[in-house]
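Dropping final-v2.cif in here (mmCIF, C-alpha atoms):
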data_my_file
#
loop_
_atom_site.label_atom_id
_atom_site.label_comp_id
_atom_site.auth_asym_id
_atom_site.auth_seq_id
_atom_site.Cartn_x
_atom_site.Cartn_y
_atom_site.Cartn_z
CA LEU L 1129 -46.49 -116.94 -147.29
CA ASN L 1130 -44.69 -118.22 -144.20
CA SER L 1131 -41.49 -119.24 -145.96
CA LYS L 1132 -38.50 -116.90 -145.84
CA GLU L 1133 -37.40 -118.16 -149.25
CA PRO L 1134 -38.25 -116.08 -152.36
CA SER L 1135 -41.55 -117.08 -153.95
CA ILE L 1136 -43.02 -116.61 -157.42
CA ILE L 1137 -46.80 -116.43 -157.91
CA ILE L 1138 -47.84 -117.26 -161.48
CA GLU L 1139 -51.35 -116.66 -162.80
CA ASN L 1140 -52.64 -119.46 -165.04
CA LYS L 1141 -53.13 -117.99 -168.53
CA ILE L 1142 -52.74 -121.24 -170.48
CA ASP L 1143 -56.21 -120.98 -172.03
CA TYR L 1144 -55.51 -117.57 -173.56
CA ALA L 1145 -53.64 -119.13 -176.49
CA PHE L 1146 -55.26 -122.58 -176.37
CA VAL L 1147 -57.58 -122.26 -179.36
CA PRO L 1148 -55.47 -120.27 -181.87
CA LYS L 1149 -52.64 -122.80 -181.56
CA LYS L 1150 -55.00 -125.65 -182.52
CA ILE L 1151 -56.54 -124.01 -185.57
CA ASN L 1152 -56.03 -126.19 -188.65
CA LYS L 1153 -55.91 -123.79 -191.59
CA ASP L 1154 -59.37 -122.19 -191.62
CA PHE L 1155 -61.20 -124.58 -189.29
CA TYR L 1156 -61.30 -125.42 -185.62
CA ASP L 1157 -63.61 -128.15 -184.25
CA ASP L 1158 -66.34 -127.66 -186.92
CA PHE L 1159 -66.02 -123.88 -186.73
CA LYS L 1160 -65.06 -121.87 -189.77
CA VAL L 1161 -62.34 -119.45 -188.67
CA LYS L 1162 -61.85 -115.95 -190.04
CA HIS L 1163 -58.72 -113.87 -189.50
CA TYR L 1164 -58.96 -110.17 -190.27
CA ASP L 1165 -56.14 -108.90 -192.46
CA GLU L 1166 -56.89 -105.24 -191.93
CA GLU L 1167 -54.27 -103.17 -190.19
CA ASN L 1168 -54.54 -103.33 -186.38
CA ASN L 1169 -57.46 -105.79 -186.40
CA PHE L 1170 -56.21 -108.76 -184.41
CA ASN L 1171 -59.62 -110.32 -183.80
CA ILE L 1172 -60.52 -113.92 -184.72
CA SER L 1173 -64.10 -115.00 -185.52
CA PHE L 1174 -65.65 -118.48 -185.41
CA SER L 1175 -68.86 -119.61 -187.14
CA LEU L 1176 -70.66 -122.94 -187.55
CA THR L 1177 -72.50 -121.67 -190.66
CA ASN L 1178 -69.56 -120.27 -192.62
CA PHE L 1179 -70.60 -116.76 -191.49
CA LYS L 1180 -73.81 -116.92 -193.57
CA GLU L 1181 -76.61 -117.72 -191.10
CA ASP L 1182 -75.45 -116.46 -187.71
CA GLU L 1183 -78.40 -115.08 -185.74
CA GLY L 1184 -76.17 -113.29 -183.28
CA ALA L 1185 -72.67 -112.97 -181.89
CA ILE L 1186 -70.76 -113.53 -178.69
CA ILE L 1187 -67.83 -111.22 -177.99
CA CYS L 1188 -65.15 -112.58 -175.68
CA TYR L 1189 -61.43 -112.67 -174.98
CA GLY L 1190 -58.91 -114.62 -172.94
CA GLY L 1191 -59.63 -117.82 -171.09
CA ILE L 1192 -63.42 -117.75 -171.58
CA LEU L 1193 -63.09 -118.43 -175.33
CA ASN L 1194 -63.04 -122.21 -175.01
CA GLN L 1195 -66.18 -122.15 -172.83
CA CYS L 1196 -67.95 -119.98 -175.43
CA LEU L 1197 -67.05 -122.39 -178.24
CA ASN L 1198 -68.45 -125.35 -176.29
CA ALA L 1199 -71.68 -123.52 -175.39
CA VAL L 1200 -72.31 -122.24 -178.93
CA LYS L 1201 -71.70 -125.66 -180.47
CA LYS L 1202 -74.11 -127.36 -178.04
CA PHE L 1203 -76.72 -124.65 -178.65
CA PHE L 1204 -76.39 -125.13 -182.42
CA ILE L 1205 -76.80 -128.92 -182.11
CA GLU L 1206 -79.89 -128.65 -179.88
CA GLU L 1207 -81.63 -125.58 -181.31
CA GLU L 1208 -80.12 -125.31 -184.84
CA ILE L 1209 -79.31 -121.67 -184.14
CA SER L 1210 -75.81 -120.35 -184.75
CA PHE L 1211 -74.03 -117.65 -182.79
CA ARG L 1212 -70.81 -116.23 -184.19
CA ILE L 1213 -67.95 -115.91 -181.72
CA VAL L 1214 -65.64 -112.90 -181.94
CA CYS L 1215 -62.47 -113.30 -179.90
CA LEU L 1216 -60.75 -109.97 -179.28
CA GLY L 1217 -57.02 -110.01 -179.92
CA LYS L 1218 -56.32 -106.49 -178.77
CA LEU L 1219 -58.03 -104.72 -175.86
CA HIS L 1220 -56.21 -101.39 -175.83
CA PRO L 1221 -56.66 -98.92 -177.33
CA PHE L 1222 -60.37 -99.71 -177.49
CA ASN L 1223 -61.76 -99.54 -181.05
CA ILE L 1224 -65.45 -100.35 -181.43
CA ASN L 1225 -65.25 -100.18 -185.23
CA LYS L 1226 -62.84 -103.13 -185.36
CA ILE L 1227 -65.32 -105.12 -183.25
CA LYS L 1228 -68.34 -103.99 -185.29
CA ASP L 1229 -66.66 -105.15 -188.50
CA CYS L 1230 -66.63 -108.72 -187.13
CA LEU L 1231 -70.34 -108.83 -186.19
CA PRO L 1232 -73.41 -109.83 -188.22
CA GLU L 1233 -75.41 -106.94 -189.65
CA ASN L 1234 -78.08 -107.29 -186.93
CA GLY L 1235 -79.40 -109.83 -184.44
CA LYS L 1236 -78.36 -110.46 -180.84
CA VAL L 1237 -74.96 -109.49 -179.41
CA ILE L 1238 -73.70 -110.72 -176.04
CA SER L 1239 -70.38 -109.65 -174.55
CA VAL L 1240 -68.92 -112.25 -172.18
CA GLU L 1241 -66.46 -111.63 -169.35
CA GLU L 1242 -64.43 -114.27 -167.56
CA SER L 1243 -64.76 -112.23 -164.37
CA THR L 1244 -67.63 -109.97 -163.31
CA ALA L 1245 -69.25 -107.92 -166.06
CA ASP L 1246 -69.77 -104.89 -163.79
CA PHE L 1247 -67.64 -101.90 -164.85
CA SER L 1248 -65.85 -104.08 -167.37
CA LEU L 1249 -64.80 -103.84 -171.01
CA SER L 1250 -68.14 -105.47 -171.84
CA SER L 1251 -69.94 -102.45 -170.37
CA GLU L 1252 -68.11 -100.17 -172.79
CA ILE L 1253 -68.71 -102.53 -175.72
CA CYS L 1254 -72.46 -102.75 -175.02
CA LEU L 1255 -72.77 -98.98 -174.63
CA GLU L 1256 -71.13 -98.33 -178.02
CA LEU L 1257 -73.20 -101.03 -179.76
CA LEU L 1258 -76.45 -99.68 -178.31
CA LYS L 1259 -75.59 -96.27 -179.75
CA LEU L 1260 -75.65 -97.84 -183.24
CA ASN L 1261 -79.32 -98.80 -182.74
CA LYS L 1262 -79.08 -101.69 -185.22
CA PHE L 1263 -78.99 -104.84 -183.10
CA GLU L 1264 -82.06 -106.72 -181.88
CA PHE L 1265 -80.58 -107.36 -178.44
CA VAL L 1266 -77.38 -106.27 -176.66
CA ASP L 1267 -76.30 -107.58 -173.26
CA ARG L 1268 -73.30 -108.51 -171.15
CA ILE L 1269 -72.74 -111.51 -168.90
CA GLY L 1270 -69.97 -112.41 -166.48
CA ALA L 1271 -69.09 -114.19 -163.28
CA LYS L 1272 -70.89 -113.58 -160.01
CA SER L 1273 -69.97 -110.30 -158.31
CA SER L 1274 -67.68 -111.69 -155.63
CA LEU L 1275 -64.10 -111.77 -154.48
CA ILE L 1276 -62.21 -114.38 -156.50
CA PRO L 1277 -61.24 -117.23 -154.15
CA SER L 1278 -57.79 -118.82 -154.22
CA SER L 1279 -59.27 -122.33 -154.35
CA TYR L 1280 -59.72 -123.78 -157.86
CA ASP L 1281 -62.87 -125.69 -156.84
CA LYS L 1282 -64.45 -122.55 -155.38
CA GLU L 1283 -63.41 -120.53 -158.42
CA LYS L 1284 -65.58 -122.84 -160.54
CA LEU L 1285 -68.64 -121.86 -158.48
CA ILE L 1286 -68.12 -118.17 -159.32
CA PHE L 1287 -66.71 -118.08 -162.84
CA LEU L 1288 -68.78 -118.68 -165.95
CA ASN L 1289 -68.61 -122.04 -167.69
CA ASP L 1290 -70.05 -123.54 -170.87
CA VAL L 1291 -73.15 -124.81 -169.02
CA ASN L 1292 -73.95 -121.30 -167.70
CA LEU L 1293 -73.49 -119.82 -171.17
CA PHE L 1294 -75.58 -122.50 -172.85
CA ASN L 1295 -78.45 -121.96 -170.39
CA TYR L 1296 -78.20 -118.20 -170.88
CA LEU L 1297 -78.46 -118.58 -174.67
CA LYS L 1298 -81.52 -120.78 -174.27
CA LYS L 1299 -83.19 -118.25 -171.96
CA ILE L 1300 -82.50 -115.35 -174.30
CA HIS L 1301 -83.75 -117.26 -177.34
CA TRP L 1302 -86.88 -118.42 -175.50
CA PHE L 1303 -87.62 -114.93 -174.23
CA MET L 1304 -87.12 -113.31 -177.64
CA THR L 1305 -89.48 -115.79 -179.31
CA SER L 1306 -92.11 -115.94 -176.55
CA ASN L 1307 -94.50 -113.52 -174.92
CA TYR L 1308 -93.09 -113.98 -171.44
CA TYR L 1309 -90.25 -115.27 -169.26
CA GLU L 1310 -90.79 -117.25 -166.06
CA ILE L 1311 -88.76 -116.67 -162.90
CA LYS L 1312 -88.63 -119.93 -160.96
CA VAL L 1313 -87.51 -120.98 -157.49
CA PRO L 1314 -83.90 -122.24 -157.60
CA HIS L 1315 -82.67 -125.26 -155.67
CA LEU L 1316 -81.05 -123.88 -152.49
CA ASN L 1317 -80.65 -126.87 -150.23
CA ALA L 1318 -80.32 -130.58 -150.95
CA ASN L 1319 -82.44 -131.40 -147.90
CA GLU L 1320 -85.22 -128.88 -148.53
CA ASP L 1321 -87.53 -128.39 -151.49
CA GLU L 1322 -89.54 -125.53 -149.96
CA VAL L 1323 -88.48 -121.94 -149.21
CA LYS L 1324 -90.19 -118.77 -147.99
CA ILE L 1325 -90.47 -115.49 -149.88
CA VAL L 1326 -89.12 -112.90 -147.41
CA GLU L 1327 -88.83 -109.84 -149.66
CA ILE L 1328 -90.54 -108.53 -152.81
CA ASN L 1329 -88.99 -105.50 -154.49
CA PHE L 1330 -91.44 -104.41 -157.20
CA ASN L 1331 -95.12 -103.83 -157.76
CA ASP L 1332 -97.12 -105.77 -160.33
CA TYR L 1333 -96.75 -104.35 -163.88
CA GLU L 1334 -93.69 -102.31 -162.91
CA TYR L 1335 -90.84 -102.32 -165.47
CA ILE L 1336 -87.72 -104.20 -164.36
CA ASN L 1337 -84.27 -104.32 -165.94
CA ILE L 1338 -81.72 -107.12 -166.20
CA ASN L 1339 -79.73 -107.92 -163.01
CA GLN L 1340 -82.27 -106.34 -160.65
CA ASN L 1341 -83.37 -108.20 -157.53
CA VAL L 1342 -86.91 -109.53 -158.04
CA CYS L 1343 -87.31 -110.95 -154.54
CA SER L 1344 -85.48 -112.79 -151.76
CA ILE L 1345 -86.16 -116.34 -150.63
CA GLU L 1346 -85.13 -118.07 -147.43
CA SER L 1347 -84.50 -121.68 -146.45
CA SER L 1348 -83.47 -122.91 -143.00
CA LYS L 1349 -79.81 -122.33 -143.90
CA ILE L 1350 -79.56 -119.55 -146.48
CA THR L 1351 -81.20 -116.43 -147.87
CA GLU L 1352 -80.75 -115.73 -151.58
CA GLU L 1353 -81.75 -112.93 -153.94
CA ILE L 1354 -83.53 -113.88 -157.18
CA ILE L 1355 -81.95 -111.82 -159.97
CA ASN L 1356 -83.87 -110.96 -163.14
CA GLU L 1357 -82.31 -112.09 -166.44
CA SER L 1358 -84.70 -110.51 -168.94
CA PRO L 1359 -86.06 -106.94 -169.11
CA GLY L 1360 -89.79 -106.27 -169.09
CA TYR L 1361 -92.90 -105.71 -166.98
CA ILE L 1362 -93.33 -107.98 -163.96
CA LYS L 1363 -96.34 -109.85 -162.60
CA TYR L 1364 -95.89 -111.78 -159.35
CA ILE L 1365 -97.50 -115.20 -159.15
CA LYS L 1366 -96.39 -115.80 -155.57
CA HIS L 1367 -96.46 -113.27 -152.74
CA LEU L 1368 -94.65 -112.12 -149.60
CA ASP L 1369 -94.40 -114.69 -146.76
CA GLU L 1370 -95.68 -117.42 -149.05
CA PHE L 1371 -93.92 -120.81 -149.09
CA VAL L 1372 -92.88 -122.05 -152.53
CA LYS L 1373 -91.30 -125.24 -153.83
CA THR L 1374 -88.26 -125.68 -156.08
CA ASP L 1375 -89.05 -124.87 -159.75
CA GLU L 1376 -92.34 -123.15 -158.92
CA VAL L 1377 -92.95 -119.92 -160.85
CA ILE L 1378 -92.54 -116.84 -158.65
CA ALA L 1379 -93.13 -114.18 -161.31
CA ILE L 1380 -93.59 -113.61 -165.03
CA ILE L 1381 -91.67 -111.02 -167.07
CA SER L 1382 -92.94 -109.70 -170.41
CA GLU L 1383 -92.21 -106.73 -172.66
CA ASN L 1384 -95.92 -106.78 -173.53
CA LEU L 1385 -97.82 -105.15 -170.67
CA GLU L 1386 -101.21 -105.90 -172.21
CA TYR L 1387 -100.27 -109.58 -172.41
CA LEU L 1388 -99.52 -109.66 -168.68
CA LYS L 1389 -102.82 -107.97 -167.86
CA SER L 1390 -104.65 -110.44 -170.09
CA LEU L 1391 -103.18 -113.30 -168.03
CA ASN L 1392 -104.68 -111.72 -164.94
CA SER L 1393 -108.07 -111.43 -166.66
CA GLU L 1394 -107.95 -115.05 -167.78
CA SER L 1395 -107.22 -116.27 -164.24
CA SER L 1396 -110.11 -114.18 -162.87
CA GLU L 1397 -112.51 -115.59 -165.45
CA LYS L 1398 -111.45 -119.15 -164.62
CA SER L 1399 -111.93 -118.60 -160.88
CA SER L 1400 -115.40 -117.12 -161.42
CA ILE L 1401 -116.39 -120.07 -163.62
CA ASN L 1402 -115.20 -122.51 -160.98
#

Show the structure stored in the file as structure tokens.
Amino acid sequence: LNSKEPSIIIENKIDYAFVPKKINKDFYDDFKVKHYDEENNFNISFSLTNFKEDEGAIICYGGILNQCLNAVKKFFIEEEISFRIVCLGKLHPFNINKIKDCLPENGKVISVEESTADFSLSSEICLELLKLNKFEFVDRIGAKSSLIPSSYDKEKLIFLNDVNLFNYLKKIHWFMTSNYYEIKVPHLNANEDEVKIVEINFNDYEYININQNVCSIESSKITEEIINESPGYIKYIKHLDEFVKTDEVIAIISENLEYLKSLNSESSEKSSIN
């Protein structure tokens, strides 16, 4: 700041109390709302199925709550699948039992961070839930790992929003109900629809975890890493130094190794027939 006058910098926390203030008795925007009356449990849960048919849960807190509500509602309308939302009302001291009491008995659990999920509260939540060995799927998601810019417009490019969350839910659901997950070429440049694969980081049929770099692609202006979003064995469809177009499949991920190998056999049989 160049001014010699005293200055006050205020962080915008308006969304932190946005939803609870608008709750009308036990409902908020088609969501059934549950308050926990137990001592020291300040969490609030939201469900579109009256807490009876939730296939999973999203754990969140703070300003990301409104984005989670929008994403879950859209996902329910399009896929008819309900995710319960658990908004944490107290972060310290950390008590996994108070969180566990708000979750469905099983299913998928995703912990959402407004900022990066690396080394976050979500990491601790996921670790404790995995120890219970009762949930079908446990994962965390957050903003891109980057310095937070001071520009609001640039913040939106880094932070999660309801569109990101909705797409993530669709990917997880599709992967859990399918034999494989496709990794496709993203759109890097408005003036180019073709990029070059400049780095490949795994061998075919090697096991790869979430958030690992599958490969790097390069346009005339930018190089970008392709990050994996689903765990499993990998089979590359495209190869090093090959040019690929936007939305082309670069690789396939599957938890079923035999399924991946069968795809390779099928393609060999087709080529021999031709």

Here's a test: counting all atoms listed in the file, identify every protein, DNA and RNA residue with an atom at most 12 Å from (-60.1, -103.4, -181.6) in the file's coordinate frame, and state them as a count of residues only. 29

Identify all residues satisfying the PyMOL selection byres ((chain L and resi 1328) around 12) in the given file; provide them as a PyMOL selection string. chain L and resi 1324-1327+1329-1332+1340-1345+1353-1355+1362-1370+1378-1379

Write out as a list in words which residues come within 10 Å of L:Glu1233 when counting only C-alpha atoms, dropping same-chain ones fewer than 6 positions away.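 Final neighbour list, sorted by chain and number: Asp1182, Glu1183, Gly1184, Lys1262 and Phe1263 of chain L.
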
What's around stretch 1293-1298 of chain L at 9 Å? Count all atoms listed in the file, leave out sequence neighbours fewer than 3 positions away in its own chain, and write the answer as a PyMOL selection string. chain L and resi 1195-1196+1198-1200+1202-1203+1207+1240+1269+1288-1290+1301-1303+1357

Serialized selection, C-alpha atoms, as a PDB file, keeping the file's coordinate frame:
ATOM      1  CA  GLN L1195     -66.180-122.150-172.830  1.00  0.00           C
ATOM      2  CA  CYS L1196     -67.950-119.980-175.430  1.00  0.00           C
ATOM      3  CA  ASN L1198     -68.450-125.350-176.290  1.00  0.00           C
ATOM      4  CA  ALA L1199     -71.680-123.520-175.390  1.00  0.00           C
ATOM      5  CA  VAL L1200     -72.310-122.240-178.930  1.00  0.00           C
ATOM      6  CA  LYS L1202     -74.110-127.360-178.040  1.00  0.00           C
ATOM      7  CA  PHE L1203     -76.720-124.650-178.650  1.00  0.00           C
ATOM      8  CA  GLU L1207     -81.630-125.580-181.310  1.00  0.00           C
ATOM      9  CA  VAL L1240     -68.920-112.250-172.180  1.00  0.00           C
ATOM     10  CA  ILE L1269     -72.740-111.510-168.900  1.00  0.00           C
ATOM     11  CA  LEU L1288     -68.780-118.680-165.950  1.00  0.00           C
ATOM     12  CA  ASN L1289     -68.610-122.040-167.690  1.00  0.00           C
ATOM     13  CA  ASP L1290     -70.050-123.540-170.870  1.00  0.00           C
ATOM     14  CA  HIS L1301     -83.750-117.260-177.340  1.00  0.00           C
ATOM     15  CA  TRP L1302     -86.880-118.420-175.500  1.00  0.00           C
ATOM     16  CA  PHE L1303     -87.620-114.930-174.230  1.00  0.00           C
ATOM     17  CA  GLU L1357     -82.310-112.090-166.440  1.00  0.00           C
TER      18      GLU L1357
END

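Put simply, atom CA of L:Ser1239 is 11.1 Å away from atom CA of L:Ile1192.
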
Taking the point (-74.4, -107.8, -175.9) as given in the file, collect each protein or nucleic acid residue that comes within 9 Å of it, counting only C-alpha atoms, and present the set as a VMD selection string. chain L and resid 1185 to 1187 1236 to 1240 1250 to 1251 1253 to 1254 1257 to 1258 1265 to 1269

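Reported to one decimal place, the separation of atom CA of L:Ser1347 from atom CA of L:Tyr1309 is 24.4 Å.
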
What does the distance from atom CA of L:Ala1271 to atom CA of L:Asn1234 come to in Å, to one decimal?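 Interatomic distance, atom CA of L:Ala1271 to atom CA of L:Asn1234: 26.2 Å.
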
Got a moment to write stretch 1191-1208 of chain L out with C-alpha atoms, as a JSON list (two decimals), in the first residue's frame?
[["chain", "number", "residue", "atom", "x", "y", "z"],
["L", 1191, "GLY", "CA", -17.83, -20.46, 1.80],
["L", 1192, "ILE", "CA", -17.88, -23.61, -0.37],
["L", 1193, "LEU", "CA", -21.21, -24.75, 1.12],
["L", 1194, "ASN", "CA", -23.38, -22.84, -1.33],
["L", 1195, "GLN", "CA", -21.44, -24.27, -4.29],
["L", 1196, "CYS", "CA", -21.91, -27.80, -2.91],
["L", 1197, "LEU", "CA", -25.67, -27.29, -2.55],
["L", 1198, "ASN", "CA", -25.96, -26.11, -6.17],
["L", 1199, "ALA", "CA", -23.87, -29.00, -7.52],
["L", 1200, "VAL", "CA", -25.72, -31.68, -5.53],
["L", 1201, "LYS", "CA", -29.13, -30.35, -6.55],
["L", 1202, "LYS", "CA", -28.17, -30.30, -10.25],
["L", 1203, "PHE", "CA", -26.72, -33.82, -9.98],
["L", 1204, "PHE", "CA", -29.94, -35.06, -8.36],
["L", 1205, "ILE", "CA", -32.08, -33.49, -11.10],
["L", 1206, "GLU", "CA", -29.98, -34.95, -13.93],
["L", 1207, "GLU", "CA", -28.98, -38.34, -12.50],
["L", 1208, "GLU", "CA", -31.62, -38.92, -9.77]]
